[in-house]
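Shown next: structure-v1.cif, given as mmCIF, C-alpha atoms.
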```
data_structure
loop_
_atom_site.label_atom_id
_atom_site.label_comp_id
_atom_site.auth_asym_id
_atom_site.auth_seq_id
_atom_site.Cartn_x
_atom_site.Cartn_y
_atom_site.Cartn_z
CA MET A 422 59.90 81.84 222.76
CA ARG A 423 60.63 78.90 220.49
CA THR A 424 57.64 76.92 219.32
CA ARG A 425 57.13 74.12 216.83
CA ASP A 426 56.22 75.08 213.30
CA VAL A 427 55.01 72.27 211.02
CA ASN A 428 55.99 74.10 207.88
CA LYS A 429 59.52 74.63 209.13
CA GLU A 430 59.69 70.99 210.16
CA ASN A 431 58.76 69.88 206.64
CA ILE A 432 61.46 72.04 205.09
CA ILE A 433 64.01 70.66 207.55
CA GLN A 434 63.02 67.08 206.66
CA GLU A 435 63.11 67.73 202.94
CA LYS A 436 66.56 69.32 203.10
CA ALA A 437 67.94 66.62 205.36
CA ILE A 438 66.83 63.89 202.95
CA GLU A 439 68.32 65.79 200.02
CA MET A 440 71.64 66.27 201.80
CA ILE A 441 71.95 62.70 203.06
CA VAL A 442 71.16 61.28 199.63
CA LYS A 443 73.60 63.59 197.84
CA GLU A 444 76.48 63.75 200.31
CA GLY A 445 76.03 60.66 202.41
CA LEU A 446 75.78 60.39 206.16
CA ASP A 447 79.43 61.13 206.84
CA GLY A 448 79.25 64.58 205.35
CA PHE A 449 76.00 65.38 207.12
CA SER A 450 76.01 67.83 210.00
CA MET A 451 73.41 69.82 211.88
CA GLN A 452 75.16 73.07 210.91
CA LYS A 453 75.02 72.32 207.20
CA LEU A 454 71.41 71.30 207.50
CA ALA A 455 70.54 74.47 209.41
CA LYS A 456 72.09 76.56 206.67
CA ALA A 457 70.34 74.65 203.89
CA ALA A 458 66.96 74.83 205.62
CA ASN A 459 67.51 78.47 206.52
CA VAL A 460 67.03 77.98 210.25
CA SER A 461 69.46 78.36 213.13
CA PRO A 462 71.18 75.28 214.58
CA ALA A 463 69.42 76.14 217.83
CA THR A 464 66.06 75.72 216.11
CA LEU A 465 67.04 72.24 214.90
CA TYR A 466 67.65 71.14 218.45
CA ILE A 467 64.13 72.17 219.43
CA TYR A 468 62.73 69.61 217.04
CA TYR A 469 65.38 66.95 217.49
CA LYS A 470 67.36 65.79 220.50
CA ASP A 471 70.49 65.11 218.48
CA ARG A 472 71.70 64.05 215.04
CA ASP A 473 70.67 60.45 215.61
CA ASP A 474 67.21 61.46 216.74
CA LEU A 475 66.80 63.59 213.63
CA ILE A 476 67.71 60.72 211.33
CA THR A 477 65.45 58.28 213.19
CA GLN A 478 62.48 60.63 213.18
CA ILE A 479 62.81 61.41 209.49
CA ALA A 480 63.28 57.74 208.63
CA THR A 481 60.14 56.85 210.58
CA THR A 482 58.09 59.50 208.79
CA VAL A 483 59.34 58.42 205.37
CA SER A 484 58.88 54.70 206.07
CA HIS A 485 55.33 55.27 207.26
CA ARG A 486 54.61 57.27 204.12
CA LEU A 487 55.98 54.39 202.02
CA MET A 488 53.95 51.77 203.90
CA GLU A 489 50.78 53.86 203.77
CA THR A 490 51.17 54.21 200.02
CA SER A 491 51.95 50.55 199.46
CA LEU A 492 48.92 49.42 201.48
CA LYS A 493 46.53 51.85 199.80
CA GLY A 494 43.36 49.95 198.84
CA MET A 495 44.62 46.73 200.42
CA HIS A 496 42.13 44.44 202.08
CA PRO A 497 43.09 41.31 204.06
CA LYS A 498 40.48 39.28 202.18
CA MET A 499 41.75 40.10 198.68
CA SER A 500 42.91 37.24 196.51
CA PHE A 501 46.67 36.81 196.70
CA ALA A 502 47.24 37.71 193.04
CA ASP A 503 45.18 40.91 193.27
CA GLY A 504 46.72 41.95 196.56
CA LEU A 505 50.27 41.45 195.37
CA GLU A 506 49.59 43.28 192.11
CA LEU A 507 48.14 46.21 194.04
CA GLN A 508 51.16 46.35 196.34
CA TRP A 509 53.52 46.28 193.37
CA LYS A 510 51.60 49.13 191.73
CA ASN A 511 51.53 51.14 194.94
CA ARG A 512 55.22 50.64 195.59
CA MET A 513 56.11 51.63 192.04
CA GLU A 514 53.98 54.74 192.37
CA PHE A 515 55.90 55.70 195.48
CA PHE A 516 59.27 55.09 193.79
CA PHE A 517 58.42 57.34 190.89
CA LYS A 518 56.83 60.06 193.00
CA HIS A 519 59.44 60.16 195.77
CA PRO A 520 62.75 58.85 194.42
CA LEU A 521 64.76 60.77 197.02
CA ASP A 522 62.76 59.25 199.88
CA VAL A 523 63.50 55.77 198.56
CA GLU A 524 67.21 56.45 198.21
CA PHE A 525 67.25 57.89 201.70
CA ILE A 526 65.70 54.75 203.18
CA GLU A 527 68.20 52.59 201.30
CA GLN A 528 71.07 54.62 202.78
CA ILE A 529 70.00 54.25 206.37
CA ARG A 530 68.44 50.79 206.21
CA TYR A 531 71.58 49.12 207.54
CA MET A 532 72.27 51.54 210.38
CA PRO A 533 71.51 50.53 213.98
CA THR A 534 69.16 53.54 214.11
CA TYR A 535 66.87 51.78 211.68
CA ASP A 536 65.90 49.10 214.21
CA SER A 537 63.45 51.40 215.95
CA VAL A 538 61.96 52.36 212.60
CA ARG A 539 61.48 48.68 211.80
CA ASP A 540 59.70 48.13 215.12
CA SER A 541 57.36 51.00 214.48
CA ILE A 542 56.51 49.68 211.01
CA ARG A 543 55.78 46.26 212.46
CA GLN A 544 53.49 47.76 215.08
CA ASN A 545 51.60 49.95 212.65
CA PHE A 546 51.37 47.88 209.50
CA GLY A 547 52.08 44.28 210.45
CA ASP A 548 48.41 43.56 211.05
CA VAL A 549 46.97 44.16 207.56
CA LEU A 550 49.79 42.37 205.79
CA GLY A 551 49.86 39.52 208.28
CA ARG A 552 46.16 38.84 207.79
CA PHE A 553 46.44 39.14 204.02
CA VAL A 554 49.21 36.54 203.89
CA HIS A 555 47.45 34.30 206.43
CA ASN A 556 44.20 34.31 204.41
CA ALA A 557 46.05 33.57 201.19
CA ILE A 558 47.72 30.55 202.81
CA ASN A 559 44.37 29.30 204.16
CA ARG A 560 42.81 29.55 200.69
CA GLY A 561 45.70 27.58 199.21
CA GLU A 562 46.94 30.49 197.05
CA LEU A 563 50.24 30.89 198.81
CA GLN A 564 52.62 28.40 200.34
CA PRO A 565 53.68 28.92 203.95
CA LEU A 566 57.24 30.29 203.96
CA PRO A 567 59.61 31.96 206.39
CA PHE A 568 59.06 35.71 206.16
CA GLU A 569 62.48 36.38 204.61
CA VAL A 570 61.93 33.85 201.85
CA TYR A 571 58.46 35.20 201.16
CA TRP A 572 59.66 38.80 201.00
CA SER A 573 62.67 38.02 198.83
CA ILE A 574 60.50 36.36 196.24
CA ALA A 575 57.47 38.63 196.51
CA PHE A 576 59.19 42.01 196.34
CA ALA A 577 62.89 41.80 195.55
CA PRO A 578 62.22 41.17 191.82
CA LEU A 579 60.26 44.42 191.63
CA TYR A 580 63.01 46.29 193.43
CA GLN A 581 65.59 44.94 191.02
CA LEU A 582 63.58 46.10 188.02
CA ILE A 583 63.28 49.53 189.58
CA LYS A 584 67.01 49.57 190.20
CA PHE A 585 67.72 48.79 186.54
CA HIS A 586 65.28 51.52 185.61
CA ALA A 587 66.95 54.04 187.92
CA GLN A 588 70.37 53.13 186.48
CA GLY A 589 68.89 53.46 183.00
CA SER A 590 70.71 50.29 182.01
CA SER A 591 71.08 46.61 182.82
CA PRO A 592 73.90 44.11 182.27
CA ALA A 593 72.21 43.10 179.02
CA SER A 594 71.24 46.43 177.55
CA GLU A 595 72.61 49.93 177.58
CA LYS A 596 69.18 51.44 177.73
CA PHE A 597 66.53 50.09 180.02
CA SER A 598 63.30 51.61 181.17
CA ILE A 599 60.55 49.88 183.05
CA ASN A 600 57.18 49.23 181.38
CA ASP A 601 53.89 47.50 182.18
CA ASP A 602 54.68 44.39 180.12
CA ILE A 603 57.95 43.72 181.88
CA VAL A 604 56.46 44.36 185.30
CA ASN A 605 53.49 42.13 184.58
CA GLN A 606 55.64 39.32 183.20
CA THR A 607 57.77 39.40 186.35
CA LEU A 608 54.74 39.60 188.62
CA GLN A 609 53.10 36.56 187.04
CA LEU A 610 56.28 34.55 187.57
CA VAL A 611 56.41 35.64 191.19
CA ILE A 612 52.80 34.61 191.78
CA LYS A 613 53.49 31.27 190.14
CA ALA A 614 56.58 30.71 192.26
CA LEU A 615 54.69 31.37 195.47
CA LYS A 616 51.81 29.00 194.71
CA PRO A 617 51.76 25.78 196.75
CA MET B 1020 39.47 81.60 250.11
CA ASN B 1021 43.00 82.06 248.94
CA MET B 1022 42.88 82.47 245.17
CA ILE B 1023 46.50 83.31 244.64
CA LYS B 1024 48.46 80.42 243.19
CA PRO B 1025 52.01 80.03 244.38
CA ILE B 1026 54.59 80.55 241.63
CA ALA B 1027 55.61 76.89 241.60
CA TYR B 1028 52.11 75.82 240.57
CA ARG B 1029 51.77 78.26 237.74
CA GLU B 1030 51.89 76.67 234.34
CA GLN B 1031 55.39 77.01 233.05
CA LYS B 1032 56.52 76.76 229.52
CA MET B 1033 59.23 74.24 228.71
CA GLN B 1034 62.25 75.74 227.03
CA VAL B 1035 64.99 74.13 225.02
CA LEU B 1036 68.39 75.69 225.53
CA VAL B 1037 71.31 74.77 223.29
CA PHE B 1038 75.01 75.41 223.71
CA LYS B 1039 78.16 74.88 221.75
CA THR B 1040 80.68 73.06 223.96
CA ASN B 1041 83.91 71.12 223.91
CA LEU B 1042 82.35 68.06 225.54
CA MET B 1043 83.84 65.69 223.02
CA SER B 1044 84.34 62.28 224.54
CA ALA B 1045 82.18 59.98 226.60
CA ARG B 1046 84.57 60.80 229.44
CA ASP B 1047 83.79 64.51 229.21
CA ILE B 1048 80.11 63.77 229.27
CA HIS B 1049 80.53 61.42 232.19
CA HIS B 1050 82.39 64.21 233.94
CA ILE B 1051 79.52 66.71 233.81
CA SER B 1052 76.84 64.08 234.29
CA PRO B 1053 76.47 64.42 238.11
CA LEU B 1054 76.24 68.19 237.75
CA MET B 1055 73.52 67.96 235.11
CA CYS B 1056 71.56 65.37 237.05
CA ASN B 1057 71.73 67.17 240.39
CA THR B 1058 70.91 70.68 239.28
CA PRO B 1059 67.30 71.44 240.08
CA GLY B 1060 65.51 72.78 237.02
CA ILE B 1061 67.29 70.63 234.45
CA LEU B 1062 64.61 68.21 233.33
CA LYS B 1063 66.43 66.55 230.46
CA TRP B 1064 69.88 66.95 229.05
CA ASN B 1065 72.03 65.38 226.39
CA VAL B 1066 75.13 66.03 224.32
CA ASP B 1067 75.08 65.45 220.58
CA GLN B 1068 78.29 63.48 220.25
CA LEU B 1069 77.96 62.92 216.53
CA ASP B 1070 77.93 66.56 215.56
CA ILE B 1071 80.87 68.93 215.31
CA ASP B 1072 79.58 71.58 217.72
CA ASN B 1073 79.16 69.02 220.55
CA VAL B 1074 75.85 70.60 221.29
CA LEU B 1075 74.62 70.44 224.87
CA ARG B 1076 70.83 70.44 224.85
CA ILE B 1077 68.85 71.21 227.97
CA GLU B 1078 65.13 71.16 228.67
CA THR B 1079 64.15 73.46 231.48
CA ALA B 1080 61.17 75.48 232.60
CA TRP B 1081 62.92 78.23 234.44
CA LEU B 1082 66.71 78.13 234.15
CA LEU B 1083 68.35 80.79 232.00
CA PRO B 1084 71.14 80.23 229.47
CA GLU B 1085 73.50 82.17 231.76
CA ASP B 1086 72.83 79.70 234.57
CA ILE B 1087 73.92 76.77 232.42
CA ILE B 1088 76.96 78.59 231.06
CA ARG B 1089 78.06 79.43 234.61
CA LEU B 1090 77.60 75.81 235.72
CA VAL B 1091 79.48 74.23 232.84
CA THR B 1092 82.34 76.72 232.58
CA ALA B 1093 82.92 76.30 236.32
CA THR B 1094 83.94 72.71 235.60
CA GLY B 1095 86.53 73.93 233.09
CA TYR B 1096 84.69 73.21 229.87
CA LEU B 1097 83.75 75.63 227.14
CA CYS B 1098 80.09 76.49 226.85
CA GLU B 1099 78.49 79.20 224.77
CA GLU B 1100 74.94 79.71 223.64
CA LEU B 1101 74.10 78.80 220.07
CA PRO B 1102 72.56 81.79 218.36
CA ASP B 1103 68.82 81.51 217.70
#
```
Translate the structure of the given file into structure tokens.
Amino acid sequence: MRTRDVNKENIIQEKAIEMIVKEGLDGFSMQKLAKAANVSPATLYIYYKDRDDLITQIATTVSHRLMETSLKGMHPKMSFADGLELQWKNRMEFFFKHPLDVEFIEQIRYMPTYDSVRDSIRQNFGDVLGRFVHNAINRGELQPLPFEVYWSIAFAPLYQLIKFHAQGSSPASEKFSINDDIVNQTLQLVIKALKP
Amino acid sequence: MNMIKPIAYREQKMQVLVFKTNLMSARDIHHISPLMCNTPGILKWNVDQLDIDNVLRIETAWLLPEDIIRLVTATGYLCEELPD
């Protein structure tokens, strides 16, 4: 009788992320994954309906982990500067602890499969962030902006710094590594830019 | 009082059966669709079109792998059980 085994499921997820990051989605198959995770292909299909379902389920788990980390300690009534700083710290922590997870999300972010992941994030985490932003606007610490504009200014600069760090270089220098001063300088500019 | 439960009411454990097939195109899948939908005992079924084994996955409480193999091969397609 085949039953679910959480431990096995974790190994399957870990291997799948590793394979997709290293070889890309095109080279990914259930057979290869089964071999890498040391389970039979039949076992994989107990946990997942098909290849698409596997990718969606893993992406949902990883995205929730990322959101949980980035909202750690967040409170809707925090000042905007404190709340944004905390989210930057939390997101950085996640990047450095789980670099493969981050790369995995980047790989599948533009697939149609990701839509359902996005919906689930909105349902589970939209509330805290929505209230945080709403309060900040009411207190006059943040100007009302379309979501995309807000997100691009609030988080994209951090992501770019992390990207330079991951590359180990930037267009201006052959060696680049992230540090608190650089992050803080960027963060202060972001907060300033978002003020009404 | 009759305390014996008929077989149909006994709690049955759901099983996942998986087969390697040559159901490659949407047309192939369309072809076996009526069979899969009308066979009593098949609760859910799908074919993994994105994977190279074209895995047919079936959820059933009481059908055996041989039953499925007989059904599918009768339509002219290949169907063999994936080893556990």
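Atom pair CA of Lys616 in chain A / CA of Thr490 in chain A has a distance of 25.8 Å (rounded to one decimal).
Minimum distance to Ile599 in chain A across A:Ile583, A:Val549, A:Met488, A:Val570 (counting only C-alpha atoms) occurs at A:Ile583.
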First collect every listed atom of range 1070-1078 of chain B; then fit an axis-aligned box around them, widen it by 8 Å on each side, and give centre and edge lengths in Å to one decimal, as lines of an AutoDock Vina configuration file.
```
center_x = 73.0
center_y = 69.1
center_z = 222.0
size_x = 31.7
size_y = 21.0
size_z = 29.4
```
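In this model, the gap between CA of His1049 in chain B and CA of Asp447 in chain A comes to 25.4 Å.
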Distance-based interface of chain A with chain B, 7 Å, counting only C-alpha atoms, as number ranges by chain: A: 450-451, 461, 463-464, 467, 471-472
Expected residue set, 10 Å radius at (59.1, 56.6, 206.5), all atoms listed in the file, as a ChimeraX atom specification: /A:477-489,522-523,525-526,538-539,541-542
Distance query Leu563 in chain A at most 9 Å, all atoms listed in the file, self and fewer than 4 positions along chain excluded, as a list in words: Phe501, Val554, His555, Asn556, Ala557, Ile558, Asn559, Ile612, Leu615, Lys616 and Pro617 of chain A
Given the PyMOL selection byres ((chain B and resi 1062) around 6), the residues it picks as a PyMOL selection string: chain B and resi 1060-1061+1063+1078-1079
